[in-house]
$ cat coords-v3.cif   # mmCIF, C-alpha atoms
data_work
loop_
_atom_site.label_atom_id
_atom_site.label_comp_id
_atom_site.auth_asym_id
_atom_site.auth_seq_id
_atom_site.Cartn_x
_atom_site.Cartn_y
_atom_site.Cartn_z
CA MET A 1 50.29 -53.86 2.72
CA LEU A 2 51.06 -52.77 6.25
CA ALA A 3 53.51 -50.01 7.03
CA GLY A 4 56.27 -51.60 9.00
CA GLY A 5 56.58 -54.56 6.68
CA GLY A 6 54.43 -57.06 8.64
CA GLU A 7 53.32 -58.97 5.55
CA LEU A 8 56.72 -59.48 3.94
CA PRO A 9 59.51 -61.77 5.17
CA ALA A 10 62.84 -60.13 5.82
CA THR A 11 64.40 -61.36 2.57
CA ARG A 12 61.68 -59.70 0.51
CA GLN A 13 61.89 -56.53 2.56
CA TRP A 14 65.55 -56.31 1.55
CA LEU A 15 64.58 -57.07 -2.05
CA VAL A 16 62.34 -53.99 -1.93
CA VAL A 17 65.28 -51.96 -0.64
CA LEU A 18 67.54 -53.38 -3.36
CA LEU A 19 65.15 -52.61 -6.22
CA ALA A 20 64.25 -49.15 -4.91
CA SER A 21 67.94 -48.37 -4.48
CA ALA A 22 68.79 -49.67 -7.96
CA ALA A 23 66.11 -47.40 -9.44
CA ASN A 24 67.58 -44.45 -7.58
CA LEU A 25 71.07 -45.35 -8.79
CA ILE A 26 69.86 -45.19 -12.40
CA ASN A 27 67.89 -42.03 -11.63
CA GLN A 28 70.85 -40.13 -10.23
CA ALA A 29 73.27 -41.39 -12.90
CA ASP A 30 71.00 -40.22 -15.72
CA ARG A 31 70.39 -36.95 -13.93
CA VAL A 32 74.04 -36.02 -13.36
CA VAL A 33 75.27 -36.82 -16.88
CA MET A 34 74.37 -33.34 -18.07
CA SER A 35 76.61 -31.67 -15.46
CA ILE A 36 79.62 -33.33 -17.13
CA ALA A 37 78.33 -33.23 -20.71
CA ILE A 38 77.62 -29.50 -20.57
CA VAL A 39 81.35 -28.69 -20.64
CA PRO A 40 82.13 -30.29 -24.05
CA MET A 41 78.62 -29.45 -25.31
CA SER A 42 79.27 -25.76 -24.68
CA TYR A 43 82.20 -25.91 -27.10
CA ASP A 44 80.58 -28.08 -29.76
CA LEU A 45 77.24 -26.25 -29.75
CA GLU A 46 78.64 -22.80 -28.88
CA LEU A 47 76.48 -22.40 -25.80
CA SER A 48 76.73 -19.21 -23.76
CA PRO A 49 76.92 -19.41 -19.94
CA TYR A 50 73.34 -18.15 -19.87
CA SER A 51 72.16 -20.97 -22.17
CA GLN A 52 74.11 -23.48 -20.10
CA GLY A 53 72.32 -22.24 -17.00
CA TRP A 54 68.90 -22.80 -18.54
CA ILE A 55 69.86 -26.26 -19.81
CA LEU A 56 71.00 -27.29 -16.35
CA SER A 57 67.92 -25.83 -14.66
CA SER A 58 65.26 -26.90 -17.18
CA PHE A 59 65.23 -30.38 -15.64
CA ALA A 60 64.06 -28.92 -12.33
CA TYR A 61 61.04 -27.24 -13.95
CA GLY A 62 59.71 -30.65 -14.93
CA TYR A 63 60.93 -32.34 -11.77
CA ILE A 64 58.93 -30.09 -9.47
CA THR A 65 55.61 -30.84 -11.22
CA THR A 66 55.27 -34.55 -10.34
CA GLN A 67 56.51 -34.73 -6.74
CA LEU A 68 53.02 -34.26 -5.29
CA LEU A 69 51.48 -36.76 -7.71
CA ALA A 70 54.02 -39.52 -7.15
CA GLY A 71 53.14 -40.40 -3.55
CA PRO A 72 49.35 -40.76 -4.02
CA LEU A 73 49.77 -42.66 -7.30
CA SER A 74 52.28 -45.00 -5.68
CA GLU A 75 49.89 -45.72 -2.84
CA LYS A 76 47.02 -46.33 -5.25
CA TYR A 77 48.71 -48.35 -8.01
CA GLY A 78 51.79 -49.69 -6.25
CA PRO A 79 55.20 -47.99 -6.03
CA GLY A 80 56.97 -50.64 -8.08
CA PHE A 81 54.58 -50.22 -10.98
CA VAL A 82 54.77 -46.41 -10.89
CA LEU A 83 58.56 -46.56 -10.72
CA SER A 84 58.80 -48.88 -13.71
CA ILE A 85 56.68 -46.59 -15.91
CA ALA A 86 58.61 -43.50 -14.88
CA LEU A 87 61.95 -45.22 -15.31
CA VAL A 88 61.27 -46.21 -18.90
CA GLY A 89 60.19 -42.63 -19.62
CA TRP A 90 63.27 -40.89 -18.26
CA CYS A 91 65.66 -43.42 -19.80
CA CYS A 92 64.13 -42.92 -23.26
CA LEU A 93 64.44 -39.16 -22.87
CA THR A 94 68.06 -39.50 -21.74
CA ILE A 95 68.83 -41.39 -24.94
CA LEU A 96 67.04 -38.73 -26.99
CA THR A 97 69.03 -35.85 -25.47
CA PRO A 98 72.10 -35.88 -27.78
CA ILE A 99 69.84 -36.35 -30.79
CA VAL A 100 67.73 -33.26 -30.09
CA ALA A 101 70.70 -31.19 -28.87
CA ASN A 102 71.65 -30.53 -32.49
CA MET A 103 68.09 -29.52 -33.40
CA GLY A 104 67.92 -26.34 -31.34
CA LEU A 105 68.01 -25.07 -27.79
CA MET A 106 64.24 -24.99 -27.24
CA LEU A 107 63.81 -28.63 -28.20
CA LEU A 108 66.66 -29.62 -25.91
CA LEU A 109 65.07 -27.67 -23.06
CA ALA A 110 61.74 -29.43 -23.70
CA VAL A 111 63.36 -32.87 -23.47
CA ARG A 112 65.10 -31.89 -20.24
CA VAL A 113 61.82 -30.65 -18.77
CA PHE A 114 60.00 -33.89 -19.61
CA MET A 115 62.90 -35.90 -18.28
CA GLY A 116 62.42 -34.04 -15.01
CA VAL A 117 58.70 -34.88 -15.10
CA CYS A 118 59.51 -38.60 -15.25
CA GLU A 119 62.33 -38.53 -12.69
CA GLY A 120 60.06 -36.69 -10.26
CA PHE A 121 58.34 -39.99 -9.53
CA CYS A 122 61.48 -41.75 -8.30
CA TRP A 123 62.05 -40.52 -4.76
CA PRO A 124 58.42 -40.44 -3.51
CA SER A 125 57.75 -43.88 -5.02
CA ALA A 126 60.91 -45.32 -3.48
CA TYR A 127 60.05 -43.83 -0.08
CA THR A 128 56.52 -45.23 -0.30
CA TRP A 129 57.86 -48.65 -1.24
CA ILE A 130 60.27 -48.84 1.67
CA SER A 131 58.04 -47.30 4.33
CA MET A 132 55.14 -49.62 3.43
CA ASN A 133 57.22 -52.79 3.46
CA VAL A 134 60.33 -52.45 5.61
CA HIS A 135 60.18 -52.82 9.38
CA LYS A 136 61.00 -49.71 11.39
CA SER A 137 64.02 -51.41 12.97
CA ARG A 138 65.64 -51.50 9.51
CA ARG A 139 64.53 -48.14 8.17
CA SER A 140 67.60 -46.06 9.00
CA ARG A 141 69.76 -48.56 7.14
CA SER A 142 67.25 -48.89 4.32
CA PHE A 143 66.93 -45.16 3.64
CA ALA A 144 70.70 -44.76 3.97
CA ILE A 145 71.20 -47.49 1.36
CA LEU A 146 68.61 -45.84 -0.89
CA ILE A 147 70.41 -42.50 -0.71
CA ALA A 148 73.86 -44.10 -1.02
CA ALA A 149 72.71 -45.85 -4.19
CA GLY A 150 71.86 -42.47 -5.69
CA MET A 151 75.33 -41.27 -4.82
CA ALA A 152 76.78 -44.41 -6.39
CA GLY A 153 74.87 -43.56 -9.57
CA GLN A 154 76.33 -40.08 -9.58
CA LEU A 155 79.77 -41.52 -8.82
CA THR A 156 79.55 -43.92 -11.73
CA ALA A 157 78.44 -41.22 -14.16
CA LEU A 158 81.06 -38.72 -13.00
CA THR A 159 83.81 -41.34 -13.30
CA VAL A 160 82.83 -42.74 -16.69
CA CYS A 161 81.53 -39.67 -18.51
CA PRO A 162 84.83 -37.76 -18.81
CA LEU A 163 86.29 -40.80 -20.60
CA ILE A 164 83.78 -40.90 -23.46
CA SER A 165 82.17 -38.50 -25.93
CA TRP A 166 79.24 -36.47 -24.68
CA PRO A 167 76.64 -38.17 -26.93
CA ALA A 168 77.88 -41.58 -25.72
CA MET A 169 77.29 -40.47 -22.11
CA PHE A 170 73.55 -40.22 -22.69
CA PHE A 171 73.29 -43.39 -24.79
CA LEU A 172 75.19 -45.45 -22.21
CA PHE A 173 73.42 -44.34 -19.04
CA GLY A 174 70.01 -44.08 -20.67
CA SER A 175 69.99 -47.81 -21.36
CA GLY A 176 70.19 -48.91 -17.72
CA GLY A 177 66.51 -48.61 -16.90
CA PHE A 178 65.40 -51.36 -19.25
CA MET A 179 67.37 -53.93 -17.26
CA TRP A 180 65.70 -52.76 -14.04
CA VAL A 181 62.21 -53.15 -15.50
CA THR A 182 63.05 -56.69 -16.63
CA ILE A 183 64.28 -57.69 -13.16
CA TYR A 184 61.28 -56.11 -11.44
CA SER A 185 58.85 -57.86 -13.78
CA ILE A 186 60.15 -61.31 -12.75
CA SER A 187 60.56 -60.54 -9.03
CA PRO A 188 58.22 -62.17 -6.46
CA LEU A 189 57.10 -58.84 -5.02
CA PRO A 190 53.40 -57.82 -5.03
CA ARG A 191 52.37 -55.60 -7.93
CA THR A 192 49.51 -53.68 -6.31
CA ALA A 193 48.95 -51.57 -3.21
CA THR A 194 46.14 -51.98 -0.69
CA GLN A 195 46.17 -48.42 0.58
CA PRO A 196 44.20 -46.07 -1.70
CA THR A 197 44.49 -42.35 -1.04
CA THR A 198 41.18 -40.61 -1.66
CA THR A 199 42.04 -37.04 -0.69
CA PRO A 200 45.78 -36.48 -1.24
CA TYR A 201 45.73 -32.70 -1.43
CA ALA A 202 43.74 -32.39 1.78
CA ILE A 203 46.47 -34.46 3.39
CA TYR A 204 49.22 -32.27 1.91
CA LEU A 205 47.59 -29.15 3.28
CA GLU A 206 47.14 -30.77 6.67
CA MET A 207 50.80 -31.80 6.77
CA LEU A 208 51.81 -28.15 6.60
CA SER A 209 50.08 -27.46 9.92
CA PHE A 210 52.34 -29.84 11.87
CA LYS A 211 55.72 -28.67 13.22
CA PRO A 212 57.51 -32.03 12.70
CA VAL A 213 56.69 -31.84 8.99
CA ILE A 214 57.82 -28.20 8.81
CA ALA A 215 61.13 -29.24 10.39
CA ILE A 216 61.68 -31.83 7.67
CA LEU A 217 60.72 -29.42 4.88
CA VAL A 218 63.04 -26.66 6.06
CA ALA A 219 66.01 -29.01 6.56
CA HIS A 220 65.47 -30.60 3.15
CA PHE A 221 65.26 -27.23 1.40
CA SER A 222 68.37 -25.98 3.16
CA HIS A 223 70.38 -29.03 2.16
CA ASN A 224 69.27 -28.90 -1.45
CA TRP A 225 70.68 -25.45 -2.16
CA GLY A 226 74.18 -26.76 -1.60
CA HIS A 227 73.34 -30.09 -3.20
CA TYR A 228 72.30 -28.46 -6.48
CA ILE A 229 75.49 -26.41 -6.52
CA CYS A 230 77.58 -29.55 -6.09
CA THR A 231 75.75 -31.76 -8.58
CA THR A 232 75.18 -29.28 -11.41
CA TRP A 233 77.88 -26.61 -11.29
CA LEU A 234 80.93 -28.11 -9.60
CA PRO A 235 82.51 -29.42 -12.85
CA THR A 236 82.01 -26.02 -14.50
CA TYR A 237 83.45 -24.24 -11.47
CA LEU A 238 86.55 -26.44 -11.43
CA HIS A 239 87.07 -26.00 -15.16
CA THR A 240 86.42 -22.26 -15.55
CA VAL A 241 87.62 -20.90 -12.19
CA LEU A 242 90.38 -23.28 -11.11
CA GLY A 243 91.50 -24.32 -14.58
CA VAL A 244 90.99 -28.07 -14.23
CA PRO A 245 91.21 -29.68 -17.71
CA LYS A 246 88.07 -31.37 -19.06
CA GLU A 247 89.83 -34.73 -18.99
CA GLU A 248 90.39 -34.46 -15.22
CA LEU A 249 86.85 -33.51 -14.18
CA GLY A 250 86.25 -37.08 -13.05
CA ILE A 251 87.93 -35.98 -9.81
CA VAL A 252 84.53 -34.71 -8.65
CA ALA A 253 83.65 -38.37 -8.16
CA LEU A 254 85.87 -38.61 -5.06
CA PRO A 255 83.42 -36.88 -2.66
CA LEU A 256 80.62 -39.05 -4.00
CA PHE A 257 82.72 -42.15 -3.42
CA LEU A 258 83.07 -41.17 0.23
CA SER A 259 79.31 -40.52 0.54
CA THR A 260 78.48 -43.84 -1.10
CA ILE A 261 80.67 -45.74 1.35
CA LEU A 262 79.78 -43.80 4.48
CA SER A 263 76.00 -43.36 4.14
CA PRO A 264 75.11 -47.03 4.81
CA MET A 265 77.58 -46.99 7.71
CA TYR A 266 75.85 -43.98 9.19
CA GLY A 267 72.53 -45.78 8.80
CA ALA A 268 73.80 -48.88 10.61
CA PHE A 269 75.28 -46.61 13.30
CA ALA A 270 71.92 -44.88 13.79
CA ASP A 271 70.07 -48.19 14.15
CA TRP A 272 72.77 -49.37 16.58
CA LEU A 273 72.58 -46.21 18.68
CA HIS A 274 68.83 -46.50 18.99
CA GLY A 275 68.40 -50.28 19.10
CA SER A 276 71.46 -51.43 21.04
CA ARG A 277 72.54 -48.40 23.05
CA GLY A 278 69.09 -47.13 23.93
CA VAL A 279 69.59 -43.58 22.65
CA SER A 280 66.21 -42.05 21.87
CA LEU A 281 65.33 -41.98 18.20
CA LEU A 282 64.69 -38.25 18.38
CA LYS A 283 68.22 -37.60 19.67
CA VAL A 284 69.65 -39.79 16.92
CA ARG A 285 67.75 -37.96 14.17
CA ARG A 286 68.63 -34.52 15.55
CA LEU A 287 72.31 -35.31 16.14
CA LEU A 288 72.90 -36.68 12.66
CA THR A 289 70.93 -33.90 10.98
CA ALA A 290 72.90 -31.26 12.88
CA ILE A 291 76.17 -32.79 11.67
CA GLY A 292 74.77 -33.09 8.14
CA LEU A 293 73.83 -29.39 7.93
CA PHE A 294 76.28 -27.51 10.15
CA GLY A 295 79.29 -29.35 8.75
CA PRO A 296 78.62 -28.36 5.11
CA ALA A 297 77.76 -24.81 6.27
CA ILE A 298 81.35 -24.34 7.39
CA MET A 299 82.78 -25.84 4.20
CA PHE A 300 80.64 -23.72 1.86
CA ALA A 301 81.82 -20.59 3.71
CA LEU A 302 85.41 -21.60 2.98
CA PHE A 303 84.81 -22.56 -0.65
CA PRO A 304 85.33 -19.10 -2.25
CA HIS A 305 88.76 -19.01 -0.59
CA ALA A 306 89.92 -22.32 -2.11
CA LYS A 307 92.36 -21.34 -4.85
CA THR A 308 93.55 -24.80 -5.93
CA LYS A 309 92.00 -27.99 -7.21
CA PHE A 310 93.23 -29.81 -4.11
CA GLY A 311 91.64 -27.26 -1.78
CA ALA A 312 88.27 -27.32 -3.54
CA ILE A 313 88.09 -31.11 -3.66
CA SER A 314 89.17 -31.35 -0.02
CA LEU A 315 86.27 -29.10 0.98
CA MET A 316 83.92 -31.15 -1.20
CA CYS A 317 85.08 -34.32 0.55
CA CYS A 318 84.35 -32.72 3.93
CA ILE A 319 80.90 -31.76 2.70
CA ALA A 320 80.31 -35.34 1.54
CA VAL A 321 81.50 -36.87 4.82
CA THR A 322 79.26 -34.67 6.97
CA SER A 323 76.17 -34.42 4.75
CA GLY A 324 76.02 -38.21 4.57
CA CYS A 325 74.66 -38.09 8.12
CA LEU A 326 71.40 -36.69 6.72
CA SER A 327 70.47 -40.12 5.33
CA PRO A 328 69.65 -41.64 8.76
CA GLY A 329 68.81 -38.16 10.04
CA VAL A 330 66.15 -35.98 8.46
CA PHE A 331 65.79 -38.20 5.39
CA SER A 332 64.63 -41.11 7.56
CA ASN A 333 62.27 -38.93 9.59
CA HIS A 334 59.37 -39.05 7.10
CA ALA A 335 58.66 -42.70 7.94
CA ASP A 336 58.73 -41.91 11.67
CA VAL A 337 56.04 -39.26 11.65
CA LEU A 338 54.00 -40.49 8.65
CA PRO A 339 54.70 -44.21 8.15
CA HIS A 340 51.73 -44.75 5.84
CA HIS A 341 52.43 -41.63 3.79
CA ALA A 342 56.21 -41.25 3.84
CA GLY A 343 56.27 -41.02 0.04
CA MET A 344 53.76 -38.19 0.08
CA ALA A 345 55.72 -36.41 2.80
CA PHE A 346 58.92 -36.76 0.81
CA GLY A 347 57.18 -35.58 -2.34
CA LEU A 348 55.96 -32.46 -0.57
CA GLY A 349 59.44 -31.79 0.77
CA ASN A 350 61.11 -32.46 -2.53
CA THR A 351 58.72 -30.11 -4.33
CA ILE A 352 59.78 -27.26 -2.07
CA ALA A 353 63.42 -28.39 -2.10
CA THR A 354 63.49 -28.30 -5.91
CA ILE A 355 63.08 -24.51 -5.88
CA PRO A 356 66.87 -24.06 -5.52
CA GLY A 357 67.24 -26.10 -8.69
CA LEU A 358 65.02 -23.61 -10.53
CA VAL A 359 67.00 -20.65 -9.28
CA ILE A 360 70.63 -21.76 -9.18
CA GLY A 361 71.07 -22.43 -12.91
CA PRO A 362 70.01 -19.01 -14.27
CA LEU A 363 71.49 -17.24 -11.24
CA THR A 364 74.87 -18.88 -11.69
CA GLY A 365 74.81 -18.16 -15.42
CA TYR A 366 74.15 -14.50 -14.60
CA LEU A 367 76.94 -14.36 -12.01
CA ILE A 368 79.42 -15.95 -14.41
CA THR A 369 78.48 -13.54 -17.17
CA HIS A 370 78.71 -10.50 -14.88
CA GLY A 371 82.08 -10.76 -13.20
CA ASN A 372 82.48 -14.52 -12.71
CA ASN A 373 81.45 -14.12 -9.05
CA TRP A 374 80.53 -17.42 -7.41
CA ALA A 375 80.78 -16.35 -3.76
CA PRO A 376 77.07 -15.42 -3.25
CA LEU A 377 76.05 -19.00 -4.12
CA PHE A 378 78.35 -20.53 -1.51
CA TYR A 379 77.56 -18.01 1.23
CA THR A 380 73.83 -18.51 0.66
CA ALA A 381 74.36 -22.26 1.08
CA THR A 382 76.09 -21.58 4.41
CA PHE A 383 73.27 -19.34 5.64
CA LEU A 384 70.50 -21.76 4.63
CA SER A 385 72.29 -24.78 6.10
CA ILE A 386 72.58 -23.04 9.47
CA ILE A 387 68.91 -21.99 9.43
CA GLY A 388 67.82 -25.50 8.42
CA GLY A 389 69.85 -27.11 11.19
CA LEU A 390 68.54 -24.76 13.86
CA VAL A 391 64.91 -25.23 12.83
CA TYR A 392 65.24 -29.01 12.68
CA ILE A 393 66.82 -29.50 16.10
CA SER A 394 64.24 -27.12 17.59
CA ILE A 395 60.92 -28.58 16.40
CA SER A 396 61.53 -32.03 14.88
CA GLN A 397 59.79 -35.09 16.34
CA VAL A 398 59.68 -38.85 15.72
CA ASN A 399 56.20 -39.64 17.07
CA CYS A 400 53.60 -40.67 14.48
CA ILE A 401 51.21 -37.81 13.75
CA GLU A 402 48.77 -39.68 11.51
CA GLU A 403 46.06 -40.03 14.17
CA LYS A 404 46.25 -36.29 14.89
CA MET A 405 46.03 -35.55 11.18
CA LYS A 406 43.08 -37.89 10.80
CA HIS A 407 41.24 -36.24 13.66
CA SER A 408 41.98 -32.79 12.28
CA LEU A 409 40.78 -33.74 8.80
CA VAL A 410 37.55 -35.19 10.16
CA THR A 411 36.97 -32.10 12.28
CA ARG A 412 37.53 -29.76 9.34
CA ALA A 413 35.32 -31.76 6.98
CA GLY A 414 32.58 -32.60 9.46
CA SER A 415 32.60 -36.21 8.21
CA PRO A 416 34.97 -39.19 8.25
CA THR A 417 35.49 -39.22 4.49
CA PRO A 418 38.75 -37.22 4.34
CA GLY A 419 40.24 -39.41 7.03
CA GLU A 420 39.92 -42.52 4.89
CA ALA A 421 43.22 -41.58 3.35
CA LEU A 422 44.96 -42.11 6.67
CA ASN A 423 44.52 -45.84 7.06
CA ASP A 424 45.73 -47.50 10.24
#

$ encode --input "coords-v3.cif" --output "structure tokens"
Amino acid sequence: MLAGGGELPATRQWLVVLLASAANLINQADRVVMSIAIVPMSYDLELSPYSQGWILSSFAYGYITTQLLAGPLSEKYGPGFVLSIALVGWCCLTILTPIVANMGLMLLLAVRVFMGVCEGFCWPSAYTWISMNVHKSRRSRSFAILIAAGMAGQLTALTVCPLISWPAMFFLFGSGGFMWVTIYSISPLPRTATQPTTTPYAIYLEMLSFKPVIAILVAHFSHNWGHYICTTWLPTYLHTVLGVPKEELGIVALPLFLSTILSPMYGAFADWLHGSRGVSLLKVRRLLTAIGLFGPAIMFALFPHAKTKFGAISLMCCIAVTSGCLSPGVFSNHADVLPHHAGMAFGLGNTIATIPGLVIGPLTGYLITHGNNWAPLFYTATFLSIIGGLVYISISQVNCIEEKMKHSLVTRAGSPTPGEALND
């Protein structure tokens, strides 16, 4: 199938976007359940802050292992097929979570790790699916919808979970994937890919030698430090530091509601700026990424000084409003520079950007245990967001680099074989 969507009519291109976005909605809902469940679980299972930190971070240890595999496998076997297998896996593990939670901490950690392994396939597969099938004139909107769907999944989980028991949270949201697989199985979309990748790791290494890819990686990593704080520790912070009752933790859904609404609007705005107003695509990507990183940097710096629930949520809303610009900014840039391998590029970036998820859980548990000091987390998010924004606006590009990569691979190998992975 051609990158740019030449072989699919517009209606089926949007069906790809719909199914990819629905998968991400389920992915993010299942993923965020633990951030709410950990509060009542800590009482019922007598979990220390240190144990809570490892439970929240164990997911990331599995998640980081499959990012680099997901893109090549999606290109070889078809992103829809890979997504369906992964989706069934992580939904089954979500359902198992409350069952194993009473059997011991190590078993619970193992389930969380393997859940991360399965969910690691979601983003690269979804990016591959969209970049291979959706025309470039629709990509800003498509990726914005994909990301907004993930926020909608988080929003749904954060709104519903505080209203039910913590075991019911996992049973309810773990069941959603089976409906997706049923719908995909009867859809008219092709089941196979026509773009095999023969040397994926040679391509990954080559990507790291190009500045436009480095710009994406740095911006993604910078954003994810703050993102992991917000998605995993915000409910605990509100409850333990600001005294918000467990029953009111659903308030953290408000920033996600704003992101869910605004992200597609930002995507449409980006396509309008470039398509109708003639603003260069590079300026559009850089402008929106700058807003999406510098805006949250300011808010994270103010966060330790917020002494009320209203103040903290207001800052979170500002973070949501500004970071939503990243959807048609840096998170749409992969398909510009590597249209045939956007899923691989995202997988590489997401592997590196998962490192904060490995660090933040244990680090936060340590900080809580030793003085309940959260400020270093927020100030680090400010610093990284500024660095990420500066690097991105300095060296990012939107021109396709696949021909340059192909030439470089052929030159290094002394034969055309490695370049076969970069099909035109």

$ residues_around --input "coords-v3.cif" --residues "stretch 19-23 of chain A" --least-positions-apart "2" --cutoff "7 Å" --atoms "all atoms listed in the file" --output "compact mmCIF listing (two decimals) with C-alpha atoms, keeping the file's coordinate frame"
# COMPACT_ATOMS: atom_id res chain seq x y z
CA LEU A 15 64.58 -57.07 -2.05
CA VAL A 16 62.34 -53.99 -1.93
CA VAL A 17 65.28 -51.96 -0.64
CA LEU A 25 71.07 -45.35 -8.79
CA ILE A 26 69.86 -45.19 -12.40
CA ASN A 27 67.89 -42.03 -11.63
CA ALA A 126 60.91 -45.32 -3.48
CA ILE A 145 71.20 -47.49 1.36
CA LEU A 146 68.61 -45.84 -0.89
CA ALA A 149 72.71 -45.85 -4.19

$ atom_distance --input "coords-v3.cif" --atom1 "atom CA of A:Phe178" --atom2 "atom CA of A:Val88"
6.6 Å

$ resolve_selection --input "coords-v3.cif" --expression "the PyMOL selection byres ((chain A and resi 383-397) around 6)" --output "list in words"
Pro212, Ala215, Val218, Ala219, Ser222, Arg286, Ala290, Leu293, Phe294, Ala297, Thr380, Ala381, Thr382, Val398 and Asn399 of chain A

$ resolve_selection --input "coords-v3.cif" --expression "the PyMOL selection byres ((chain A and resi 291) around 8)" --output "list in words"
Leu287, Leu288, Thr289, Ala290, Gly292, Leu293, Phe294, Gly295, Thr322, Ser323, Cys325 and Leu326 of chain A

$ closest_residue --input "coords-v3.cif" --among "A:Tyr379, A:Phe121, A:Phe170, A:Phe303" --to "A:Tyr237" --atoms "only C-alpha atoms"
A:Phe303

$ closest_residue --input "coords-v3.cif" --among "A:Lys136, A:Arg31, A:His220, A:Lys246" --to "A:Met169" --atoms "all atoms listed in the file"
A:Arg31

$ closest_atom_pairs --input "coords-v3.cif" --of "stretch 147-196 of chain A" --to "stretch 99-119 of chain A" --cutoff "12 Å" --atoms "all atoms listed in the file" --output "Markdown table"
| residue | atom | partner | partner_atom | distance |
| --- | --- | --- | --- | --- |
| A:Trp166 | CA | A:Ala101 | CA | 10.9 |
| A:Pro167 | CA | A:Ile99 | CA | 8.0 |
| A:Ala168 | CA | A:Ile99 | CA | 10.8 |
| A:Phe170 | CA | A:Ile99 | CA | 9.7 |
| A:Phe171 | CA | A:Ile99 | CA | 9.9 |
| A:Gly174 | CA | A:Met115 | CA | 11.1 |
| A:Gly177 | CA | A:Glu119 | CA | 11.7 |

$ build_atoms --input "coords-v3.cif" --residues "stretch 334-338 of chain A" --atoms "all heavy atoms" --output "PDB file, in the frame of the given file"
ATOM      1  N   HIS A 334      60.709 -38.992   7.707  1.00  0.00           N
ATOM      2  CA  HIS A 334      59.370 -39.050   7.100  1.00  0.00           C
ATOM      3  C   HIS A 334      58.615 -40.304   7.557  1.00  0.00           C
ATOM      4  O   HIS A 334      57.421 -40.240   7.872  1.00  0.00           O
ATOM      5  CB  HIS A 334      59.465 -39.070   5.573  1.00  0.00           C
ATOM      6  CG  HIS A 334      60.318 -37.993   4.990  1.00  0.00           C
ATOM      7  ND1 HIS A 334      61.696 -38.011   5.057  1.00  0.00           N
ATOM      8  CD2 HIS A 334      59.995 -36.865   4.311  1.00  0.00           C
ATOM      9  CE1 HIS A 334      62.184 -36.948   4.449  1.00  0.00           C
ATOM     10  NE2 HIS A 334      61.173 -36.222   3.995  1.00  0.00           N
ATOM     11  N   ALA A 335      59.308 -41.441   7.572  1.00  0.00           N
ATOM     12  CA  ALA A 335      58.660 -42.700   7.940  1.00  0.00           C
ATOM     13  C   ALA A 335      58.383 -42.794   9.428  1.00  0.00           C
ATOM     14  O   ALA A 335      57.591 -43.641   9.850  1.00  0.00           O
ATOM     15  CB  ALA A 335      59.531 -43.880   7.491  1.00  0.00           C
ATOM     16  N   ASP A 336      59.038 -41.953  10.236  1.00  0.00           N
ATOM     17  CA  ASP A 336      58.730 -41.910  11.670  1.00  0.00           C
ATOM     18  C   ASP A 336      57.390 -41.246  11.916  1.00  0.00           C
ATOM     19  O   ASP A 336      56.536 -41.784  12.617  1.00  0.00           O
ATOM     20  CB  ASP A 336      59.817 -41.135  12.430  1.00  0.00           C
ATOM     21  CG  ASP A 336      61.202 -41.729  12.292  1.00  0.00           C
ATOM     22  OD1 ASP A 336      61.303 -42.958  12.197  1.00  0.00           O
ATOM     23  OD2 ASP A 336      62.174 -40.952  12.286  1.00  0.00           O
ATOM     24  N   VAL A 337      57.224 -40.069  11.340  1.00  0.00           N
ATOM     25  CA  VAL A 337      56.040 -39.260  11.650  1.00  0.00           C
ATOM     26  C   VAL A 337      54.842 -39.620  10.776  1.00  0.00           C
ATOM     27  O   VAL A 337      53.689 -39.434  11.186  1.00  0.00           O
ATOM     28  CB  VAL A 337      56.350 -37.757  11.553  1.00  0.00           C
ATOM     29  CG1 VAL A 337      57.398 -37.375  12.582  1.00  0.00           C
ATOM     30  CG2 VAL A 337      56.809 -37.370  10.166  1.00  0.00           C
ATOM     31  N   LEU A 338      55.084 -40.134   9.575  1.00  0.00           N
ATOM     32  CA  LEU A 338      54.000 -40.490   8.650  1.00  0.00           C
ATOM     33  C   LEU A 338      54.314 -41.825   7.976  1.00  0.00           C
ATOM     34  O   LEU A 338      54.586 -41.884   6.775  1.00  0.00           O
ATOM     35  CB  LEU A 338      53.816 -39.390   7.597  1.00  0.00           C
ATOM     36  CG  LEU A 338      53.240 -38.068   8.100  1.00  0.00           C
ATOM     37  CD1 LEU A 338      53.484 -36.947   7.096  1.00  0.00           C
ATOM     38  CD2 LEU A 338      51.739 -38.216   8.370  1.00  0.00           C
TER      39      LEU A 338
END
